[in-house]
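Below: model21.pdb (PDB, C-alpha atoms)
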```pdb
ATOM      1  CA  MET A 276       5.085   4.250 -14.461
ATOM      2  CA  VAL A 277       8.651   4.004 -15.672
ATOM      3  CA  THR A 278      10.088   7.327 -16.817
ATOM      4  CA  SER A 279      13.467   8.427 -18.103
ATOM      5  CA  GLU A 280      15.685  10.508 -15.825
ATOM      6  CA  LYS A 281      16.072  13.225 -18.496
ATOM      7  CA  ILE A 282      12.335  13.986 -18.762
ATOM      8  CA  LYS A 283      11.092  17.283 -17.290
ATOM      9  CA  THR A 284       8.049  16.882 -15.060
ATOM     10  CA  ARG A 285       5.216  19.383 -15.518
ATOM     11  CA  SER A 286       2.703  20.482 -12.923
ATOM     12  CA  TYR A 287      -1.034  19.912 -12.816
ATOM     13  CA  THR A 288      -1.403  23.697 -13.021
ATOM     14  CA  GLU A 289       0.275  23.579 -16.424
ATOM     15  CA  LEU A 290      -2.066  20.715 -17.349
ATOM     16  CA  ALA A 291      -5.142  22.872 -16.720
ATOM     17  CA  SER A 292      -4.109  25.305 -19.467
ATOM     18  CA  GLN A 293      -3.608  22.412 -21.913
ATOM     19  CA  ILE A 294      -6.580  20.235 -20.999
ATOM     20  CA  ASP A 295      -8.302  20.519 -24.407
ATOM     21  CA  ALA A 296      -5.167  19.324 -26.193
ATOM     22  CA  VAL A 297      -4.664  16.528 -23.651
ATOM     23  CA  GLU A 298      -8.284  15.361 -24.057
ATOM     24  CA  ARG A 299      -7.929  15.432 -27.853
ATOM     25  CA  MET A 300      -4.702  13.414 -27.558
ATOM     26  CA  GLY A 301      -6.478  10.963 -25.236
ATOM     27  CA  LYS A 302      -9.140  10.353 -27.886
ATOM     28  CA  TRP A 303      -6.448   9.739 -30.507
ATOM     29  CA  ILE A 304      -4.655   7.341 -28.179
ATOM     30  CA  ALA A 305      -7.849   5.377 -27.527
ATOM     31  CA  HIS A 306      -8.878   5.250 -31.184
ATOM     32  CA  SER A 307      -5.403   4.161 -32.308
ATOM     33  CA  LYS A 308      -5.734   0.958 -30.239
ATOM     34  CA  MET A 309      -1.917   1.034 -29.933
ATOM     35  CA  PHE A 310      -1.894   1.367 -26.156
ATOM     36  CA  GLY A 311      -4.414  -1.250 -24.995
ATOM     37  CA  CYS A 312      -7.116   1.316 -24.178
ATOM     38  CA  LYS A 313     -10.734   0.192 -24.012
ATOM     39  CA  SER A 314     -12.119   3.735 -23.633
ATOM     40  CA  GLU A 315     -11.350   7.368 -24.366
ATOM     41  CA  GLU A 316     -11.054   7.930 -20.622
ATOM     42  CA  GLN A 317      -8.153   5.463 -20.448
ATOM     43  CA  GLY A 318      -6.569   7.262 -23.394
ATOM     44  CA  CYS A 319      -6.919  10.544 -21.518
ATOM     45  CA  VAL A 320      -5.204   9.082 -18.445
ATOM     46  CA  ILE A 321      -2.250   8.033 -20.623
ATOM     47  CA  ALA A 322      -2.203  11.490 -22.261
ATOM     48  CA  VAL A 323      -2.198  13.165 -18.826
ATOM     49  CA  ASP A 324       0.634  10.916 -17.619
ATOM     50  CA  CYS A 325       2.685  11.686 -20.726
ATOM     51  CA  PHE A 326       1.985  15.418 -20.377
ATOM     52  CA  ILE A 327       2.905  15.523 -16.683
ATOM     53  CA  THR A 328       6.033  13.380 -17.034
ATOM     54  CA  GLY A 329       7.046  14.752 -20.436
ATOM     55  CA  MET A 330       7.398  11.215 -21.754
ATOM     56  CA  PRO A 331       6.889  10.858 -25.532
ATOM     57  CA  LEU A 332       3.970   8.569 -26.410
ATOM     58  CA  LEU A 333       6.037   5.959 -28.211
ATOM     59  CA  GLU A 334       8.462   5.776 -25.267
ATOM     60  CA  TYR A 335       5.429   5.358 -22.978
ATOM     61  CA  GLN A 336       4.229   2.505 -25.187
ATOM     62  CA  SER A 337       7.611   0.766 -25.119
ATOM     63  CA  ARG A 338       7.776   0.962 -21.306
ATOM     64  CA  ASN A 339       4.132   0.580 -20.248
ATOM     65  CA  SER A 340       0.886  -1.024 -21.292
ATOM     66  CA  LEU A 341      -2.654  -1.491 -20.061
ATOM     67  CA  ILE A 342      -3.701  -5.009 -19.101
ATOM     68  CA  MET A 343      -7.275  -5.465 -17.908
ATOM     69  CA  GLY A 344      -7.475  -1.694 -17.372
ATOM     70  CA  ARG A 345      -4.388  -1.595 -15.147
ATOM     71  CA  PRO A 346      -1.037  -0.022 -16.017
ATOM     72  CA  SER A 347       1.712  -2.575 -16.331
ATOM     73  CA  ILE A 348       5.414  -2.613 -17.047
ATOM     74  CA  PRO A 349       6.861  -5.509 -19.054
ATOM     75  CA  TYR A 350       9.683  -7.288 -17.245
ATOM     76  CA  ASP A 351      12.236  -6.260 -19.863
ATOM     77  CA  ALA A 352      11.305  -2.583 -19.347
ATOM     78  CA  MET A 353      11.709  -3.081 -15.579
ATOM     79  CA  LEU A 354      15.179  -4.533 -16.112
ATOM     80  CA  ALA A 355      16.098  -1.721 -18.522
ATOM     81  CA  ALA A 356      14.977   0.944 -16.017
ATOM     82  CA  PHE A 357      16.844  -0.879 -13.240
ATOM     83  CA  ARG A 358      20.023  -0.781 -15.345
ATOM     84  CA  GLU A 359      19.426   2.899 -16.220
ATOM     85  CA  LYS A 360      19.505   3.595 -12.473
ATOM     86  CA  GLY A 361      22.895   1.889 -12.178
ATOM     87  CA  GLY A 362      21.701  -1.618 -11.346
ATOM     88  CA  LYS A 363      23.534  -4.722 -12.514
ATOM     89  CA  THR A 364      21.879  -7.992 -13.509
ATOM     90  CA  VAL A 365      22.996 -11.585 -13.962
ATOM     91  CA  ILE A 366      20.482 -14.047 -15.353
ATOM     92  CA  ASN A 367      21.148 -17.381 -13.667
ATOM     93  CA  SER A 368      18.240 -19.414 -15.070
ATOM     94  CA  LYS A 369      15.247 -18.890 -17.348
ATOM     95  CA  THR A 370      13.714 -22.312 -17.857
ATOM     96  CA  PRO A 371      10.210 -23.777 -17.438
ATOM     97  CA  GLU A 372      11.382 -25.210 -14.104
ATOM     98  CA  LEU A 373      13.361 -22.312 -12.595
ATOM     99  CA  ALA A 374      13.763 -18.571 -12.986
ATOM    100  CA  SER A 375      16.694 -17.025 -11.150
ATOM    101  CA  ILE A 376      18.398 -13.649 -11.335
ATOM    102  CA  THR A 377      21.029 -11.782  -9.342
ATOM    103  CA  LEU A 378      20.413  -8.056  -8.969
ATOM    104  CA  ALA A 379      22.951  -5.591  -7.626
ATOM    105  CA  MET A 380      22.555  -1.921  -6.785
ATOM    106  CA  GLY A 381      25.402  -0.035  -5.163
ATOM    107  CA  ASP A 382      27.000  -2.279  -2.551
ATOM    108  CA  GLN A 383      23.973  -4.597  -2.279
ATOM    109  CA  ALA A 384      23.446  -7.746  -4.315
ATOM    110  CA  GLN A 385      20.747 -10.357  -3.919
ATOM    111  CA  ASP A 386      19.591 -13.524  -5.686
ATOM    112  CA  PHE A 387      15.910 -13.900  -6.567
ATOM    113  CA  SER A 388      14.373 -17.130  -7.794
ATOM    114  CA  LEU A 389      11.096 -18.929  -8.326
ATOM    115  CA  ALA A 390      10.842 -22.628  -9.122
ATOM    116  CA  TRP A 391       7.849 -24.179 -10.852
ATOM    117  CA  ASP A 392       7.393 -26.440  -7.812
ATOM    118  CA  GLU A 393       7.033 -23.329  -5.603
ATOM    119  CA  ALA A 394       4.661 -21.625  -8.042
ATOM    120  CA  GLN A 395       2.381 -24.666  -8.004
ATOM    121  CA  GLN A 396       1.813 -24.085  -4.281
ATOM    122  CA  GLU A 397       0.303 -20.653  -5.101
ATOM    123  CA  THR A 398      -3.018 -19.830  -6.739
ATOM    124  CA  PHE A 399      -1.847 -17.942  -9.827
ATOM    125  CA  PRO A 400      -1.038 -20.849 -12.188
ATOM    126  CA  TYR A 401      -4.509 -22.373 -11.878
ATOM    127  CA  ASN A 402      -7.894 -21.774 -13.494
ATOM    128  CA  GLY A 403     -10.752 -20.685 -11.281
ATOM    129  CA  LYS A 404     -11.574 -18.409  -8.394
ATOM    130  CA  GLU A 405      -8.893 -17.929  -5.769
ATOM    131  CA  ASP A 406     -10.930 -19.265  -2.837
ATOM    132  CA  GLU A 407     -11.893 -22.395  -4.790
ATOM    133  CA  ILE A 408      -8.273 -22.985  -5.829
ATOM    134  CA  VAL A 409      -7.117 -22.606  -2.209
ATOM    135  CA  ALA A 410      -9.729 -25.163  -1.093
ATOM    136  CA  VAL A 411      -8.503 -27.667  -3.706
ATOM    137  CA  LEU A 412      -4.856 -27.101  -2.737
ATOM    138  CA  LEU A 413      -5.674 -27.523   0.979
ATOM    139  CA  ARG A 414      -7.230 -30.907   0.176
ATOM    140  CA  GLY A 415      -3.885 -31.914  -1.333
ATOM    141  CA  GLU A 416      -5.299 -31.981  -4.853
ATOM    142  CA  THR A 417      -4.087 -30.185  -7.967
ATOM    143  CA  PRO A 418      -6.476 -27.718  -9.629
ATOM    144  CA  PRO A 419      -6.516 -27.455 -13.430
ATOM    145  CA  LEU A 420      -3.671 -25.336 -14.811
ATOM    146  CA  LYS A 421      -4.351 -22.249 -16.858
ATOM    147  CA  PRO A 422      -3.777 -23.348 -20.459
ATOM    148  CA  LYS A 423      -0.983 -20.788 -20.962
ATOM    149  CA  TYR A 424       1.109 -22.394 -18.209
ATOM    150  CA  ALA A 425       0.827 -25.871 -19.695
ATOM    151  CA  THR A 426       3.451 -24.958 -22.295
ATOM    152  CA  PRO A 427       7.128 -24.787 -21.301
ATOM    153  CA  ARG A 428       7.929 -21.439 -22.972
ATOM    154  CA  SER A 429       4.938 -19.621 -21.458
ATOM    155  CA  ARG A 430       5.772 -21.053 -18.052
ATOM    156  CA  ALA A 431       9.420 -19.923 -18.343
ATOM    157  CA  ILE A 432       8.384 -16.387 -19.301
ATOM    158  CA  MET A 433       5.853 -16.174 -16.452
ATOM    159  CA  LEU A 434       8.345 -17.413 -13.848
ATOM    160  CA  PHE A 435      11.020 -15.018 -15.055
ATOM    161  CA  ALA A 436       8.648 -12.032 -15.186
ATOM    162  CA  ARG A 437       7.597 -12.668 -11.595
ATOM    163  CA  VAL A 438      11.193 -13.009 -10.410
ATOM    164  CA  VAL A 439      12.224  -9.794 -12.164
ATOM    165  CA  SER A 440       9.214  -7.912 -10.783
ATOM    166  CA  ASP A 441       9.872  -9.145  -7.253
ATOM    167  CA  GLY A 442      13.591  -8.464  -7.460
ATOM    168  CA  VAL A 443      13.332  -5.005  -8.958
ATOM    169  CA  ARG A 444      10.538  -4.100  -6.520
ATOM    170  CA  THR A 445      12.867  -5.145  -3.679
ATOM    171  CA  MET A 446      16.103  -3.543  -4.915
ATOM    172  CA  ALA A 447      14.726  -0.389  -6.602
ATOM    173  CA  PRO A 448      11.001   0.103  -5.865
ATOM    174  CA  GLU A 449      11.031   3.455  -7.672
ATOM    175  CA  VAL A 450      11.266   1.529 -10.950
ATOM    176  CA  ASN A 451       8.003  -0.437 -10.503
ATOM    177  CA  PHE A 452       6.312   2.176  -8.329
ATOM    178  CA  GLY A 453       3.210   0.065  -7.760
ATOM    179  CA  SER A 454       3.013  -1.362 -11.272
ATOM    180  CA  TYR A 455       3.123  -5.058 -12.078
ATOM    181  CA  THR A 456       4.126  -7.137 -15.078
ATOM    182  CA  PRO A 457       1.403  -8.143 -17.553
ATOM    183  CA  GLU A 458       1.847 -11.751 -16.361
ATOM    184  CA  GLU A 459       1.011 -10.721 -12.788
ATOM    185  CA  ILE A 460      -1.944  -8.516 -13.758
ATOM    186  CA  GLU A 461      -3.483 -11.239 -15.919
ATOM    187  CA  ASP A 462      -3.532 -13.410 -12.808
ATOM    188  CA  PHE A 463      -5.370 -10.840 -10.678
ATOM    189  CA  ALA A 464      -8.961 -11.764  -9.801
ATOM    190  CA  GLY A 465     -10.568  -9.566 -12.456
ATOM    191  CA  PRO A 466     -10.512  -6.373 -14.484
ATOM    192  CA  VAL A 467     -10.961  -2.909 -13.069
ATOM    193  CA  THR A 468     -14.569  -1.849 -13.583
TER
END
```

Serialized structure, structure tokens:
Amino acid sequence: MVTSEKIKTRSYTELASQIDAVERMGKWIAHSKMFGCKSEEQGCVIAVDCFITGMPLLEYQSRNSLIMGRPSIPYDAMLAAFREKGGKTVINSKTPELASITLAMGDQAQDFSLAWDEAQQETFPYNGKEDEIVAVLLRGETPPLKPKYATPRSRAIMLFARVVSDGVRTMAPEVNFGSYTPEEIEDFAGPVT
């Protein structure tokens, strides 16, 4: 999860003395439906994370969300955290045909890009199960697109989110720390059960 540098981290020992309050907060989080929770248990996990990291709930919401039961970080929050850590960004292209960004951290700079033509060689823009999509692609055929990628704006956002996630994960992995963008999580095989 993305956290601010100024936040004081608490220990799990401190959590044990506050568990009733954290569980109560978790129920409130789940019932508010503001955080994408499907259960009180998910609300409790968010409450624990906020307690341990010291992150205020509304900051957590602006930087993180739950998609299909998985924590995610929107691409704009990834870029903001990257910049907070001293990174520099130059957006080269954000179109339905090409997403490209230059990221710099310290004395390193690198270009990251993803073209729609490249994305169409992968499984994520298509409807269906991954193994079935691969079989169709190997036959040289084109599987049916997911409806959301049939529109230019949705396609541009998806391409850019993937480029940002890949670039930030490469240049400053502590920002993503194992989290993905909502666009990436929605393309995973299925929800956490």

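Across the model, the gap from atom CA of Gln317 of chain A to atom CA of Ser286 of chain A is 20.0 Å.
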
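Across the chains present, the PyMOL selection byres ((chain A and resi 445) around 12) applied to this file returns Phe357, Thr377, Leu378, Ala379, Met380, Gln383, Ala384, Gln385, Asp386, Phe387, Val438, Val439, Ser440, Asp441, Gly442, Val443, Arg444, Met446, Ala447, Pro448, Glu449, Val450, Asn451, Phe452 and Gly453 of chain A.
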
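Of the listed residues (A:Arg437, A:Tyr401, A:Asp406, A:Phe310), A:Tyr401 comes nearest to Leu420 of chain A; the distances count all atoms listed in the file.
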
Atom pair atom CA of Asp392 of chain A + atom CA of Leu373 of chain A, distance 8.7 Å

So that I can check the surroundings of Gln396 of chain A, please list as a list in words every protein, DNA and RNA residue that reaches within 12 Å of it, counting all atoms listed in the file and ignoring chain neighbours fewer than 3 positions away. Leu389, Ala390, Trp391, Asp392, Glu393, Phe399, Pro400, Tyr401, Ile408, Val409, Val411, Leu412, Leu413, Gly415, Glu416, Thr417, Pro418 and Leu420 of chain A

Practice task
Name every residue that the PyMOL selection byres ((chain A and resi 326-338) around 12) selects in this structure, writing the answer as a ChimeraX atom specification with chains first and numbers rising.
Solution key: /A:276-294,296-298,300-301,303-304,307-312,318-325,339-341,346-356,450-451,454-457

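Put simply, the PyMOL selection byres ((chain A and resi 365-370) around 8) on this file hits Lys363, Thr364, Pro371, Glu372, Leu373, Ala374, Ser375, Ile376, Thr377, Leu378, Pro427, Arg428, Ala431, Ile432, Leu434 and Phe435 of chain A.
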
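Distance-wise, atom CA of Ile460 of chain A and atom CA of Glu397 of chain A end up 15.1 Å apart.
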
Edge lengths and centre in Å to one decimal, as AutoDock Vina command-line options, of the axis-aligned box that encloses all listed atoms of segment 319-334 of chain A with 3 Å added on every side?
```
--center_x 0.8 --center_y 10.6 --center_z -22.4 --size_x 21.4 --size_y 15.7 --size_z 17.5
```

Return segment 365-395 of chain A, completed with N, CA and C atoms, as a JSON list (two decimals), in the frame of the given file.
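Full text of out04.json as output:
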```json
[["chain", "number", "residue", "atom", "x", "y", "z"],
["A", 365, "VAL", "N", 22.44, -10.33, -13.46],
["A", 365, "VAL", "CA", 23.00, -11.58, -13.96],
["A", 365, "VAL", "C", 21.83, -12.57, -14.01],
["A", 366, "ILE", "N", 21.54, -13.05, -15.20],
["A", 366, "ILE", "CA", 20.48, -14.05, -15.35],
["A", 366, "ILE", "C", 21.10, -15.42, -15.09],
["A", 367, "ASN", "N", 20.62, -16.08, -14.05],
["A", 367, "ASN", "CA", 21.15, -17.38, -13.67],
["A", 367, "ASN", "C", 20.38, -18.53, -14.32],
["A", 368, "SER", "N", 19.06, -18.35, -14.48],
["A", 368, "SER", "CA", 18.24, -19.41, -15.07],
["A", 368, "SER", "C", 16.94, -18.81, -15.59],
["A", 369, "LYS", "N", 16.55, -19.27, -16.77],
["A", 369, "LYS", "CA", 15.25, -18.89, -17.35],
["A", 369, "LYS", "C", 14.73, -20.12, -18.08],
["A", 370, "THR", "N", 14.23, -21.07, -17.30],
["A", 370, "THR", "CA", 13.71, -22.31, -17.86],
["A", 370, "THR", "C", 12.28, -22.52, -17.38],
["A", 371, "PRO", "N", 11.56, -23.49, -17.91],
["A", 371, "PRO", "CA", 10.21, -23.78, -17.44],
["A", 371, "PRO", "C", 10.18, -24.28, -16.00],
["A", 372, "GLU", "N", 11.33, -24.68, -15.46],
["A", 372, "GLU", "CA", 11.38, -25.21, -14.10],
["A", 372, "GLU", "C", 11.95, -24.23, -13.08],
["A", 373, "LEU", "N", 12.74, -23.23, -13.54],
["A", 373, "LEU", "CA", 13.36, -22.31, -12.60],
["A", 373, "LEU", "C", 13.71, -20.99, -13.27],
["A", 374, "ALA", "N", 13.32, -19.91, -12.60],
["A", 374, "ALA", "CA", 13.76, -18.57, -12.99],
["A", 374, "ALA", "C", 14.61, -18.04, -11.84],
["A", 375, "SER", "N", 15.79, -17.52, -12.17],
["A", 375, "SER", "CA", 16.69, -17.02, -11.15],
["A", 375, "SER", "C", 17.52, -15.88, -11.72],
["A", 376, "ILE", "N", 17.64, -14.82, -10.92],
["A", 376, "ILE", "CA", 18.40, -13.65, -11.34],
["A", 376, "ILE", "C", 19.11, -13.07, -10.13],
["A", 377, "THR", "N", 20.30, -12.51, -10.37],
["A", 377, "THR", "CA", 21.03, -11.78, -9.34],
["A", 377, "THR", "C", 20.96, -10.31, -9.71],
["A", 378, "LEU", "N", 20.49, -9.50, -8.76],
["A", 378, "LEU", "CA", 20.41, -8.06, -8.97],
["A", 378, "LEU", "C", 21.35, -7.37, -7.99],
["A", 379, "ALA", "N", 22.05, -6.36, -8.47],
["A", 379, "ALA", "CA", 22.95, -5.59, -7.63],
["A", 379, "ALA", "C", 22.71, -4.11, -7.85],
["A", 380, "MET", "N", 22.70, -3.37, -6.74],
["A", 380, "MET", "CA", 22.56, -1.92, -6.78],
["A", 380, "MET", "C", 23.47, -1.36, -5.71],
["A", 381, "GLY", "N", 24.43, -0.55, -6.13],
["A", 381, "GLY", "CA", 25.40, -0.04, -5.16],
["A", 381, "GLY", "C", 26.19, -1.18, -4.55],
["A", 382, "ASP", "N", 26.24, -1.22, -3.22],
["A", 382, "ASP", "CA", 27.00, -2.28, -2.55],
["A", 382, "ASP", "C", 26.13, -3.46, -2.13],
["A", 383, "GLN", "N", 24.87, -3.48, -2.61],
["A", 383, "GLN", "CA", 23.97, -4.60, -2.28],
["A", 383, "GLN", "C", 23.74, -5.48, -3.50],
["A", 384, "ALA", "N", 23.76, -6.77, -3.27],
["A", 384, "ALA", "CA", 23.45, -7.75, -4.32],
["A", 384, "ALA", "C", 22.58, -8.83, -3.69],
["A", 385, "GLN", "N", 21.63, -9.32, -4.45],
["A", 385, "GLN", "CA", 20.75, -10.36, -3.92],
["A", 385, "GLN", "C", 20.27, -11.25, -5.06],
["A", 386, "ASP", "N", 20.13, -12.55, -4.74],
["A", 386, "ASP", "CA", 19.59, -13.52, -5.69],
["A", 386, "ASP", "C", 18.08, -13.61, -5.48],
["A", 387, "PHE", "N", 17.36, -13.72, -6.58],
["A", 387, "PHE", "CA", 15.91, -13.90, -6.57],
["A", 387, "PHE", "C", 15.60, -15.09, -7.46],
["A", 388, "SER", "N", 14.71, -15.96, -6.99],
["A", 388, "SER", "CA", 14.37, -17.13, -7.79],
["A", 388, "SER", "C", 12.94, -17.57, -7.51],
["A", 389, "LEU", "N", 12.40, -18.30, -8.47],
["A", 389, "LEU", "CA", 11.10, -18.93, -8.33],
["A", 389, "LEU", "C", 11.12, -20.22, -9.14],
["A", 390, "ALA", "N", 10.90, -21.32, -8.46],
["A", 390, "ALA", "CA", 10.84, -22.63, -9.12],
["A", 390, "ALA", "C", 9.39, -22.96, -9.44],
["A", 391, "TRP", "N", 9.19, -23.76, -10.47],
["A", 391, "TRP", "CA", 7.85, -24.18, -10.85],
["A", 391, "TRP", "C", 7.18, -24.93, -9.70],
["A", 392, "ASP", "N", 7.94, -25.73, -8.98],
["A", 392, "ASP", "CA", 7.39, -26.44, -7.81],
["A", 392, "ASP", "C", 6.82, -25.47, -6.78],
["A", 393, "GLU", "N", 7.53, -24.35, -6.54],
["A", 393, "GLU", "CA", 7.03, -23.33, -5.60],
["A", 393, "GLU", "C", 5.78, -22.64, -6.14],
["A", 394, "ALA", "N", 5.80, -22.31, -7.43],
["A", 394, "ALA", "CA", 4.66, -21.62, -8.04],
["A", 394, "ALA", "C", 3.40, -22.47, -7.97],
["A", 395, "GLN", "N", 3.54, -23.78, -8.06],
["A", 395, "GLN", "CA", 2.38, -24.67, -8.00],
["A", 395, "GLN", "C", 1.73, -24.71, -6.63]]
```
